[in-house]
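Chemist: For reference, the file start-v7.pdb (PDB, C-alpha atoms) is included below:
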MODEL        1
ATOM      1  CA  MET A   1      99.773 -32.351   6.551
ATOM      2  CA  VAL A   2      98.391 -33.950   9.708
ATOM      3  CA  VAL A   3      98.951 -32.437  13.147
ATOM      4  CA  ARG A   4     100.228 -35.069  15.567
ATOM      5  CA  VAL A   5      99.147 -34.645  19.173
ATOM      6  CA  PHE A   6     101.241 -36.599  21.643
ATOM      7  CA  THR A   7      99.145 -37.691  24.626
ATOM      8  CA  ALA A   8      99.422 -40.112  27.531
ATOM      9  CA  SER A   9      96.398 -42.285  28.264
ATOM     10  CA  SER A  10      97.654 -43.588  31.600
ATOM     11  CA  LEU A  11      98.738 -40.273  33.081
ATOM     12  CA  GLY A  12      97.038 -39.699  36.428
ATOM     13  CA  PHE A  13      96.923 -35.887  36.443
ATOM     14  CA  VAL A  14      93.414 -34.543  35.815
ATOM     15  CA  ALA A  15      94.681 -31.147  34.601
ATOM     16  CA  ILE A  16      96.888 -32.760  31.952
ATOM     17  CA  LYS A  17      94.092 -35.074  30.800
ATOM     18  CA  LYS A  18      91.837 -32.007  30.441
ATOM     19  CA  LYS A  19      94.467 -30.150  28.389
ATOM     20  CA  GLN A  20      94.856 -33.185  26.127
ATOM     21  CA  GLN A  21      91.101 -33.371  25.579
ATOM     22  CA  ASP A  22      90.860 -29.607  25.012
ATOM     23  CA  VAL A  23      93.497 -29.781  22.257
ATOM     24  CA  ILE A  24      91.790 -32.722  20.520
ATOM     25  CA  THR A  25      88.381 -31.019  20.793
ATOM     26  CA  PHE A  26      89.771 -27.760  19.367
ATOM     27  CA  LEU A  27      91.314 -29.536  16.385
ATOM     28  CA  GLU A  28      88.131 -31.507  15.691
ATOM     29  CA  ALA A  29      85.905 -28.420  16.045
ATOM     30  CA  ASN A  30      88.070 -26.543  13.560
ATOM     31  CA  LYS A  31      88.208 -29.531  11.187
ATOM     32  CA  ILE A  32      91.998 -29.745  11.437
ATOM     33  CA  LYS A  33      93.301 -33.170  10.492
ATOM     34  CA  SER A  34      95.075 -34.694  13.446
ATOM     35  CA  GLU A  35      96.472 -37.938  14.743
ATOM     36  CA  GLU A  36      96.638 -38.744  18.436
ATOM     37  CA  VAL A  37      99.851 -40.522  19.460
ATOM     38  CA  ASP A  38      99.751 -42.189  22.883
ATOM     39  CA  ILE A  39     103.305 -42.101  24.229
ATOM     40  CA  THR A  40     102.458 -44.620  26.950
ATOM     41  CA  MET A  41     102.037 -47.254  24.242
ATOM     42  CA  SER A  42     105.236 -46.607  22.292
ATOM     43  CA  GLU A  43     108.684 -45.944  23.715
ATOM     44  CA  GLU A  44     109.828 -45.082  20.183
ATOM     45  CA  GLN A  45     107.178 -42.344  19.849
ATOM     46  CA  ARG A  46     107.929 -41.014  23.350
ATOM     47  CA  GLN A  47     111.630 -40.715  22.518
ATOM     48  CA  TRP A  48     110.814 -39.068  19.172
ATOM     49  CA  MET A  49     108.671 -36.479  20.981
ATOM     50  CA  TYR A  50     111.394 -35.755  23.573
ATOM     51  CA  LYS A  51     114.076 -35.456  20.906
ATOM     52  CA  ASN A  52     112.092 -33.096  18.660
ATOM     53  CA  ILE A  53     110.961 -30.515  21.201
ATOM     54  CA  PRO A  54     113.262 -27.492  20.794
ATOM     55  CA  PRO A  55     115.615 -26.997  23.758
ATOM     56  CA  GLU A  56     114.135 -23.576  24.542
ATOM     57  CA  LYS A  57     110.672 -25.169  24.937
ATOM     58  CA  GLU A  58     111.786 -27.968  27.274
ATOM     59  CA  PRO A  59     110.878 -27.748  30.959
ATOM     60  CA  VAL A  60     113.538 -26.672  33.428
ATOM     61  CA  GLN A  61     113.298 -30.058  35.164
ATOM     62  CA  GLY A  62     112.202 -33.468  33.947
ATOM     63  CA  ASN A  63     110.725 -34.490  30.622
ATOM     64  CA  PRO A  64     108.102 -32.550  28.655
ATOM     65  CA  LEU A  65     104.564 -33.623  29.513
ATOM     66  CA  PRO A  66     101.711 -34.130  27.075
ATOM     67  CA  PRO A  67      99.967 -32.773  25.230
ATOM     68  CA  GLN A  68     102.670 -31.848  22.722
ATOM     69  CA  MET A  69     101.893 -31.020  19.089
ATOM     70  CA  PHE A  70     103.810 -31.279  15.845
ATOM     71  CA  ASN A  71     102.851 -30.246  12.329
ATOM     72  CA  GLY A  72     104.921 -32.757  10.415
ATOM     73  CA  ASP A  73     108.300 -32.496  12.132
ATOM     74  CA  ARG A  74     107.753 -28.884  13.237
ATOM     75  CA  TYR A  75     106.991 -28.371  16.907
ATOM     76  CA  CYS A  76     103.835 -26.399  17.701
ATOM     77  CA  PHE A  77     103.528 -24.756  21.076
ATOM     78  CA  HIS A  78      99.945 -24.518  22.347
ATOM     79  CA  LEU A  79      98.402 -24.092  18.913
ATOM     80  CA  MET A  80     100.703 -21.163  18.156
ATOM     81  CA  CYS A  81     102.238 -22.697  15.074
ATOM     82  CA  LYS A  82     100.748 -22.338  11.641
ATOM     83  CA  ILE A  83      98.676 -25.428  10.811
ATOM     84  CA  ALA A  84      98.652 -25.134   7.045
TER
ENDMDL
END
Will you turn the file into structure tokens for me?
Modeler:
Amino acid sequence: MVVRVFTASSLGFVAIKKKQQDVITFLEANKIKSEEVDITMSEEQRQWMYKNIPPEKEPVQGNPLPPQMFNGDRYCFHLMCKIA
């Protein structure tokens, strides 16, 4: 299975861009197959990401921000989910 990392290429926040890069770097360094999905390029993918984040993991206000990770359809919170 491939881990999908939802990112946003046009997001202006430096801290979020760094988190996105840290996640990608971690996956590559550990030879974990991954696919980067840029939600700024696909409304369909953005809506899929929003819909599939469990309610208890959603922010109190607004929409969830990248990076967000899924192993198949299973949500992974900050690399805490099993990637096998």
Chemist: Please, what distance in Å, to one decimal, runs between atom CA of A:Asp38 and atom CA of A:Gln68?
Modeler: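 It comes out at 10.7 Å.
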Chemist: Take the PyMOL selection byres ((chain A and resi 9-19) around 9), apply it to the structure above, and return the hits as a PyMOL selection string.
Modeler: chain A and resi 7-8+20-24+38-41+65-67
Chemist: For the structure shown, which residues end up in the PyMOL selection byres ((chain A and resi 45-57) around 12)? Put them as a VMD selection string, please?
Modeler: chain A and resid 4 to 8 36 to 44 58 to 78
Chemist: What are the centre and edge lengths in Å, to one decimal, of the axis-aligned box around all listed atoms of stretch 38-45 of chain A with 6 Å added on each side, as JSON?
Modeler:
{"center_x": 104.8, "center_y": -44.7, "center_z": 23.4, "size_x": 22.1, "size_y": 17.2, "size_z": 19.1}
Chemist: Apply the PyMOL selection byres ((chain A and resi 2) around 6) to the displayed file and report the matching residues as a PyMOL selection string.
Modeler: chain A and resi 1+3+33-34
